[in-house]
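> Sending over protein-v4.cif (mmCIF, C-alpha atoms).
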```
data_my_file
#
loop_
_atom_site.label_atom_id
_atom_site.label_comp_id
_atom_site.auth_asym_id
_atom_site.auth_seq_id
_atom_site.Cartn_x
_atom_site.Cartn_y
_atom_site.Cartn_z
CA MET W 490 -13.23 0.48 -18.05
CA TYR W 491 -10.49 2.77 -19.39
CA GLY W 492 -11.18 1.69 -22.97
CA GLN W 493 -10.22 -1.95 -22.43
CA PRO W 494 -12.84 -4.69 -22.02
CA PRO W 495 -12.44 -6.07 -18.47
CA ASP W 496 -11.76 -9.66 -19.56
CA GLU W 497 -9.14 -8.82 -22.20
CA PRO W 498 -5.46 -8.50 -21.25
CA CYS W 499 -3.51 -5.38 -22.23
CA SER W 500 -0.89 -7.56 -23.90
CA GLY W 501 -1.37 -11.12 -24.99
CA SER W 502 2.17 -12.13 -25.92
CA PHE W 503 4.39 -11.09 -23.01
CA PRO W 504 5.60 -14.36 -21.48
CA PRO W 505 5.98 -14.62 -17.72
CA ALA W 506 9.48 -13.66 -16.59
CA VAL W 507 11.57 -13.32 -13.47
CA LEU W 508 14.21 -10.64 -13.95
CA ARG W 509 17.15 -10.44 -11.57
CA PRO W 510 18.95 -7.07 -11.80
CA ALA W 511 22.12 -8.48 -10.21
CA GLU W 512 22.39 -10.96 -13.10
CA LEU W 513 21.67 -8.48 -15.94
CA PRO W 514 24.06 -6.13 -17.74
CA ALA W 515 24.29 -2.51 -16.60
CA PHE W 516 24.82 0.23 -19.20
CA SER W 517 26.72 3.40 -18.30
CA ARG W 518 24.80 6.67 -18.40
CA GLY W 519 28.02 8.55 -17.65
CA GLY W 520 29.04 10.44 -14.54
CA GLY W 521 28.77 7.43 -12.23
CA ALA W 522 25.22 6.38 -13.19
CA ARG W 523 24.39 3.07 -14.85
CA THR W 524 21.10 1.53 -15.96
CA VAL W 525 19.84 -2.05 -15.81
CA PRO W 526 16.93 -2.58 -18.24
CA LEU W 527 14.25 -4.92 -16.87
CA VAL W 528 10.86 -5.15 -18.61
CA THR W 529 11.67 -4.23 -22.21
CA ARG W 530 10.69 -5.11 -25.75
CA ALA W 531 13.63 -7.56 -25.72
CA VAL W 532 11.79 -9.75 -23.17
CA GLY W 533 8.39 -9.28 -24.81
CA ALA W 534 7.02 -6.05 -23.36
CA GLU W 535 4.44 -4.31 -25.52
CA VAL W 536 2.93 -1.76 -23.15
CA PHE W 537 5.57 -0.25 -20.81
CA LEU W 538 9.29 -0.25 -19.95
CA THR W 539 10.95 -0.66 -16.55
CA GLY W 540 14.48 -0.70 -15.26
CA GLN W 541 16.78 0.48 -12.52
CA THR W 542 19.42 3.18 -12.48
CA LEU W 543 22.24 2.93 -9.95
CA PHE W 544 24.07 6.07 -8.88
CA ASP W 545 27.50 6.12 -7.29
CA GLY W 546 28.10 8.68 -4.53
CA GLY W 547 27.64 12.17 -5.97
CA ALA W 548 26.43 10.90 -9.36
CA ALA W 549 23.72 12.68 -11.36
CA ILE W 550 21.98 12.39 -14.71
CA ALA W 551 21.37 15.24 -17.14
CA LEU W 552 18.16 17.25 -17.24
CA HIS W 553 15.85 15.59 -19.76
CA THR W 554 12.27 15.02 -20.89
CA HIS W 555 10.34 12.00 -22.18
CA ASN W 556 7.61 11.54 -24.78
CA CYS W 557 5.45 9.74 -22.19
CA PRO W 558 4.72 9.82 -18.45
CA GLU W 559 7.34 8.33 -16.12
CA SER W 560 7.16 7.13 -12.54
CA VAL W 561 10.28 6.60 -10.41
CA THR W 562 10.58 4.93 -6.99
CA VAL W 563 13.72 5.29 -4.89
CA LEU W 564 14.83 1.79 -3.87
CA GLU W 565 18.01 2.68 -1.98
CA GLY W 566 19.60 5.85 -0.66
CA ASP W 567 18.60 9.49 -0.82
CA ALA W 568 18.17 11.62 -3.92
CA ILE W 569 17.46 15.11 -5.06
CA VAL W 570 14.95 15.11 -7.90
CA GLU W 571 14.46 18.23 -9.96
CA ILE W 572 11.05 18.37 -11.65
CA ASP W 573 10.23 21.39 -13.81
CA GLY W 574 12.73 23.57 -11.93
CA ALA W 575 11.71 22.57 -8.38
CA GLU W 576 14.02 20.38 -6.29
CA HIS W 577 12.69 17.76 -3.86
CA HIS W 578 14.54 15.50 -1.42
CA VAL W 579 13.34 11.91 -1.83
CA THR W 580 14.30 8.78 0.04
CA ARG W 581 13.61 5.05 0.04
CA PHE W 582 10.20 4.17 -1.43
CA ASP W 583 9.29 7.78 -2.24
CA THR W 584 7.78 7.83 -5.72
CA THR W 585 7.57 10.49 -8.40
CA TYR W 586 5.24 10.96 -11.35
CA VAL W 587 6.47 13.16 -14.20
CA PRO W 588 4.17 13.97 -17.14
CA ALA W 589 5.46 13.75 -20.71
CA GLY W 590 7.53 16.75 -21.76
CA THR W 591 8.40 17.85 -18.20
CA PRO W 592 12.13 18.49 -17.59
CA HIS W 593 13.52 16.42 -14.72
CA ARG W 594 16.62 14.71 -13.36
CA PHE W 595 17.90 12.76 -10.37
CA ARG W 596 21.12 13.11 -8.44
CA ASN W 597 22.47 11.17 -5.52
CA ALA W 598 22.15 13.28 -2.36
CA SER W 599 25.13 11.47 -0.82
CA ALA W 600 28.72 11.98 -1.90
CA THR W 601 29.67 8.48 -0.69
CA GLU W 602 26.64 6.14 -0.44
CA PRO W 603 25.00 4.50 -3.47
CA MET W 604 21.47 5.35 -4.62
CA ARG W 605 19.13 3.24 -6.79
CA ILE W 606 15.86 4.04 -8.54
CA LEU W 607 13.22 1.95 -10.33
CA TRP W 608 11.78 3.69 -13.39
CA ILE W 609 8.64 2.93 -15.34
CA TYR W 610 7.79 4.51 -18.70
CA ALA W 611 4.21 4.44 -19.94
CA THR W 612 5.21 3.10 -23.38
CA VAL W 613 7.76 0.70 -24.85
CA ASP W 614 8.48 3.50 -27.34
CA ALA W 615 9.80 5.86 -24.65
CA THR W 616 12.33 8.47 -25.72
CA ARG W 617 14.67 10.71 -23.75
CA THR W 618 15.48 14.24 -24.94
CA LEU W 619 18.43 15.98 -23.28
CA VAL W 620 17.45 19.55 -22.43
CA GLU W 621 20.97 20.93 -22.93
CA THR W 622 21.47 19.54 -26.46
CA GLY W 623 17.96 18.72 -27.71
CA VAL W 624 19.21 15.26 -28.73
CA THR W 625 16.45 12.62 -28.60
CA ALA W 626 17.02 8.86 -28.44
CA ARG W 627 14.80 5.87 -27.78
CA VAL W 628 15.41 4.56 -24.28
CA ASP W 629 15.70 0.95 -25.47
CA ALA W 630 18.08 1.94 -28.28
CA GLU W 631 20.42 3.52 -25.71
CA HIS W 632 20.67 0.14 -23.99
CA ALA W 633 21.36 -1.69 -27.25
CA GLU W 634 24.03 0.85 -28.28
CA ALA W 635 25.71 0.73 -24.88
CA GLY W 636 25.75 -3.05 -24.95
CA GLY W 637 27.05 -3.33 -28.50
#
```
Show the structure stored in the file as structure tokens.

Amino acid sequence: MYGQPPDEPCSGSFPPAVLRPAELPAFSRGGGARTVPLVTRAVGAEVFLTGQTLFDGGAAIALHTHNCPESVTVLEGDAIVEIDGAEHHVTRFDTTYVPAGTPHRFRNASATEPMRILWIYATVDATRTLVETGVTARVDAEHAEAGG
């Protein structure tokens, strides 16, 4: 099914892990947003990436695209998500799916309350390209640079 024999795992070397966002470093994305990487190549991921981004009141991230599909679930607060020019109000547990190459961004709908999202990229080799500048960077490299 889906090109993978049913008895074979997608990834054989990812060790079991319990990741606690409150105990992990957060990397600034600027403008009051910061990211906590979770499932990454650094902990053994070979198939996908996950993490959380926390937004202070009024914070937003720049319009961008990825080289792979992305799904985001709102964990806390209310957000405005712009996907391919259309804005949508999303709240706790609402989930988005954005195909590769589709411009999108999130902003906190509240000027005072925090907002938090869980993101999942369909590859460990995910990149982010900023629409305004055209600059592309690997998502995991951004975390390494911010931490170094």
> With the file shown as input, list the residues that the PyMOL selection byres ((chain W and resi 515-523) around 6) selects, as number ranges by chain.
W: 514, 524-525, 542-545, 548, 635
> Selection from above, C-alpha atoms, as a CSV table (one decimal), keeping the file's coordinate frame, can you write it?

```csv
chain,number,residue,atom,x,y,z
W,514,PRO,CA,24.1,-6.1,-17.7
W,524,THR,CA,21.1,1.5,-16.0
W,525,VAL,CA,19.8,-2.0,-15.8
W,542,THR,CA,19.4,3.2,-12.5
W,543,LEU,CA,22.2,2.9,-10.0
W,544,PHE,CA,24.1,6.1,-8.9
W,545,ASP,CA,27.5,6.1,-7.3
W,548,ALA,CA,26.4,10.9,-9.4
W,635,ALA,CA,25.7,0.7,-24.9
```
> Go through W:Gly590, W:Pro504, W:Gly623, W:Gly547 one by one, measure the shortest atom-to-atom distance of each to Thr529 (chain W) using all atoms listed in the file, and give the residue with the smallest value.
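Selected residue with least distance to Thr529 (chain W): W:Pro504.
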> Could you list, as number ranges by chain, every residue within 9 Å of region 552-566 of chain W, counting only C-alpha atoms and ignoring same-chain residues fewer than 4 positions away?
W: 541, 571, 579-595, 597-599, 602-612, 614-621, 623, 625
> Rounded to one decimal place, report the CA of Val532 (chain W)-CA of Ala506 (chain W) distance in Å.
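Computing it gives 8.0 Å between the two atoms.
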> Report, as lines of an AutoDock Vina configuration file, the axis-aligned box around all atoms of region 546-565 of chain W present in the file, extended by 3 Å on each side; give centre and edge lengths in Å to one decimal place.

```
center_x = 16.4
center_y = 9.5
center_z = -13.4
size_x = 29.4
size_y = 21.5
size_z = 28.8
```
> Step by step: start from the point (16.4, 14.9, -6.3) in the file's coordinates, keep every protein, DNA or RNA residue that has an atom no farther than 6 Å from it, count only C-alpha atoms, and write the set as a VMD selection string.
chain W and resid 568 to 571 576 to 578 595 to 596
> Any idea what the distance is between CA of Gly540 (chain W) and CA of Val624 (chain W)?
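Going from CA of Gly540 (chain W) over to CA of Val624 (chain W) covers 21.4 Å.
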> With only C-alpha atoms as the atoms that count, which of W:Ala600, W:Ala534, W:Glu512, W:Pro526 lies nearest to Gly546 (chain W)?
W:Ala600
> Quick check, in Å to one decimal: how far apart do CA of Ala531 (chain W) and CA of Ala626 (chain W) lie?
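CA of Ala626 (chain W) lies at a distance of 17.0 Å from CA of Ala531 (chain W).
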> Name the residues captured by the PyMOL selection byres ((chain W and resi 629) around 8) when it is applied to the shown file; answer as an NGL selection string.
:W and (529-530 or 613-615 or 627-628 or 630-633)
> For Val528 (chain W), which residue among W:Ala511, W:Ile550, W:Pro505, W:Thr601 is the nearest when counting all atoms listed in the file?
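Nearest candidate to Val528 (chain W) out of W:Ala511, W:Ile550, W:Pro505, W:Thr601: W:Pro505.
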